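Visitor: Please find my_file-v6.json (JSON, C-alpha atoms) on the next line:
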[["chain", "number", "residue", "atom", "x", "y", "z"],
["A", 1, "MET", "CA", 26.99, 151.43, 113.33],
["A", 2, "VAL", "CA", 26.64, 153.71, 116.35],
["A", 3, "LYS", "CA", 25.01, 157.15, 116.40],
["A", 4, "GLY", "CA", 24.87, 159.86, 119.01],
["A", 5, "THR", "CA", 23.60, 163.42, 119.18],
["A", 6, "THR", "CA", 24.66, 166.53, 121.05],
["A", 7, "VAL", "CA", 24.43, 170.31, 120.78],
["A", 8, "ILE", "CA", 27.29, 172.67, 119.87],
["A", 9, "LYS", "CA", 28.10, 174.71, 122.99],
["A", 10, "ASN", "CA", 30.86, 177.04, 121.80],
["A", 11, "LYS", "CA", 29.80, 180.67, 121.25],
["A", 12, "THR", "CA", 31.60, 180.71, 117.92],
["A", 13, "GLY", "CA", 30.54, 177.20, 116.90],
["A", 14, "LEU", "CA", 33.05, 174.77, 115.47],
["A", 15, "HIS", "CA", 35.50, 177.37, 114.17],
["A", 16, "ALA", "CA", 39.12, 176.57, 113.32],
["A", 17, "ARG", "CA", 40.59, 175.61, 116.72],
["A", 18, "PRO", "CA", 37.78, 173.41, 118.04],
["A", 19, "ALA", "CA", 37.29, 171.92, 114.59],
["A", 20, "SER", "CA", 40.99, 171.04, 114.52],
["A", 21, "ASP", "CA", 40.71, 169.43, 117.97],
["A", 22, "PHE", "CA", 37.65, 167.48, 116.82],
["A", 23, "VAL", "CA", 39.37, 166.21, 113.65],
["A", 24, "GLN", "CA", 42.48, 165.19, 115.62],
["A", 25, "ALA", "CA", 40.33, 163.25, 118.09],
["A", 26, "ALA", "CA", 38.36, 161.59, 115.28],
["A", 27, "GLY", "CA", 41.60, 160.64, 113.53],
["A", 28, "LYS", "CA", 42.64, 158.47, 116.48],
["A", 29, "PHE", "CA", 39.88, 155.98, 115.65],
["A", 30, "SER", "CA", 39.90, 153.38, 112.90],
["A", 31, "SER", "CA", 36.13, 153.68, 112.39],
["A", 32, "SER", "CA", 34.58, 155.68, 109.59],
["A", 33, "ILE", "CA", 33.06, 158.76, 111.28],
["A", 34, "THR", "CA", 30.65, 161.37, 109.97],
["A", 35, "ILE", "CA", 28.99, 164.43, 111.48],
["A", 36, "ARG", "CA", 25.84, 166.23, 110.35],
["A", 37, "ARG", "CA", 23.15, 168.62, 111.52],
["A", 38, "VAL", "CA", 20.30, 166.64, 113.04],
["A", 39, "ASP", "CA", 17.71, 168.36, 110.84],
["A", 40, "GLU", "CA", 19.60, 168.00, 107.54],
["A", 41, "GLU", "CA", 19.91, 164.46, 106.19],
["A", 42, "ASP", "CA", 21.99, 165.42, 103.13],
["A", 43, "ASP", "CA", 24.49, 167.73, 104.85],
["A", 44, "GLU", "CA", 27.03, 165.21, 106.16],
["A", 45, "ALA", "CA", 30.80, 165.55, 106.51],
["A", 46, "ASN", "CA", 33.74, 163.25, 107.10],
["A", 47, "ALA", "CA", 34.66, 163.93, 110.73],
["A", 48, "LYS", "CA", 38.34, 163.31, 109.97],
["A", 49, "SER", "CA", 38.55, 166.17, 107.44],
["A", 50, "ILE", "CA", 38.99, 169.75, 108.67],
["A", 51, "ILE", "CA", 37.86, 171.12, 105.29],
["A", 52, "PHE", "CA", 34.63, 169.14, 105.25],
["A", 53, "LEU", "CA", 33.92, 169.86, 108.91],
["A", 54, "LEU", "CA", 34.43, 173.61, 108.50],
["A", 55, "SER", "CA", 32.25, 173.59, 105.37],
["A", 56, "LEU", "CA", 29.27, 172.63, 107.54],
["A", 57, "GLY", "CA", 29.53, 175.97, 109.37],
["A", 58, "LEU", "CA", 28.20, 174.53, 112.63],
["A", 59, "CYS", "CA", 27.04, 177.24, 115.04],
["A", 60, "GLN", "CA", 26.29, 177.40, 118.75],
["A", 61, "GLY", "CA", 22.99, 175.75, 119.63],
["A", 62, "GLU", "CA", 22.85, 173.46, 116.60],
["A", 63, "ALA", "CA", 22.14, 169.79, 117.23],
["A", 64, "VAL", "CA", 24.56, 167.43, 115.50],
["A", 65, "GLU", "CA", 24.62, 163.69, 114.96],
["A", 66, "ILE", "CA", 27.87, 161.76, 114.98],
["A", 67, "THR", "CA", 27.88, 158.36, 113.31],
["A", 68, "ALA", "CA", 30.71, 155.83, 113.47],
["A", 69, "LYS", "CA", 31.07, 152.48, 111.76],
["A", 70, "GLY", "CA", 33.94, 150.15, 112.58],
["A", 71, "ASP", "CA", 35.80, 148.28, 115.29],
["A", 72, "ASP", "CA", 35.92, 151.18, 117.75],
["A", 73, "GLU", "CA", 32.62, 152.86, 116.82],
["A", 74, "GLN", "CA", 31.17, 153.07, 120.34],
["A", 75, "GLU", "CA", 34.29, 154.64, 121.83],
["A", 76, "ALA", "CA", 34.58, 157.05, 118.88],
["A", 77, "VAL", "CA", 31.04, 158.40, 119.24],
["A", 78, "LYS", "CA", 31.33, 158.62, 123.04],
["A", 79, "THR", "CA", 34.67, 160.47, 122.89],
["A", 80, "LEU", "CA", 33.59, 162.96, 120.23],
["A", 81, "ILE", "CA", 30.31, 163.77, 121.98],
["A", 82, "GLU", "CA", 32.19, 164.30, 125.25],
["A", 83, "LEU", "CA", 34.61, 166.62, 123.44],
["A", 84, "ILE", "CA", 31.78, 168.75, 122.03],
["A", 85, "ASP", "CA", 29.99, 168.74, 125.40],
["A", 86, "SER", "CA", 33.16, 169.98, 127.10],
["A", 87, "GLY", "CA", 33.07, 173.14, 124.98],
["A", 88, "PHE", "CA", 36.67, 172.44, 123.89],
["A", 89, "GLY", "CA", 37.89, 174.26, 126.98],
["A", 90, "GLU", "CA", 36.57, 177.63, 125.83]]
Would you give me this structure, written as structure tokens?
Guide:
Amino acid sequence: MVKGTTVIKNKTGLHARPASDFVQAAGKFSSSITIRRVDEEDDEANAKSIIFLLSLGLCQGEAVEITAKGDDEQEAVKTLIELIDSGFGE
């Protein structure tokens, strides 16, 4: 299992378009991937589900933890953190 943390940079948080981009990127990996707020242990979502991701309501400035478990776990966490850090091109 690999974990990584980052901070949401987008002014509008992970709204529909960046959330869709995130889910598409997560879906390219075979690993099981979750995302959660760093300060909330019980509030975790499947990173491959747009519905679950949007239900978190992640806002700008919130720290998130991405966890992956599987054959490509390191690459999955690295890629998804880089995507968030890029601001999704906004």
Visitor: Need the shell around Glu65 of chain A: protein/DNA/RNA residues with any atom at most 6 Å away, counting only C-alpha atoms. Skip same-chain ones fewer than 4 positions apart. Format as a list in words?
Guide: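 What passes the distance filter is Gly4, Thr5, Ile35, Arg36 and Val38 of chain A.
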Visitor: Suppose you want the space between atom CA of Ser30 of chain A and atom CA of Ile8 of chain A; what is it in Å?
Guide: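 Distance reported for this atom pair: 24.1 Å.
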Visitor: Kindly give the distance, in Å, that separates atom CA of Phe88 of chain A and atom CA of Thr67 of chain A, rounded to a single decimal.
Guide: 19.7 Å
Visitor: Ala25 of chain A: which residues within 12 Å, counting only C-alpha atoms, same-chain residues fewer than 4 positions away excluded, as an MDAnalysis selection string?
Guide: chainID A and resid 18:21 29:31 33 47:50 75:84 88
Visitor: Using only C-alpha atoms, what residues lie at most 7 Å away from (28.1, 171.5, 122.3) (file coordinates), given as a list in words?
Guide: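 Residues with an atom at most 7 Å from (28.1, 171.5, 122.3): Thr6, Val7, Ile8, Lys9, Asn10, Ile84, Asp85 and Gly87 of chain A.
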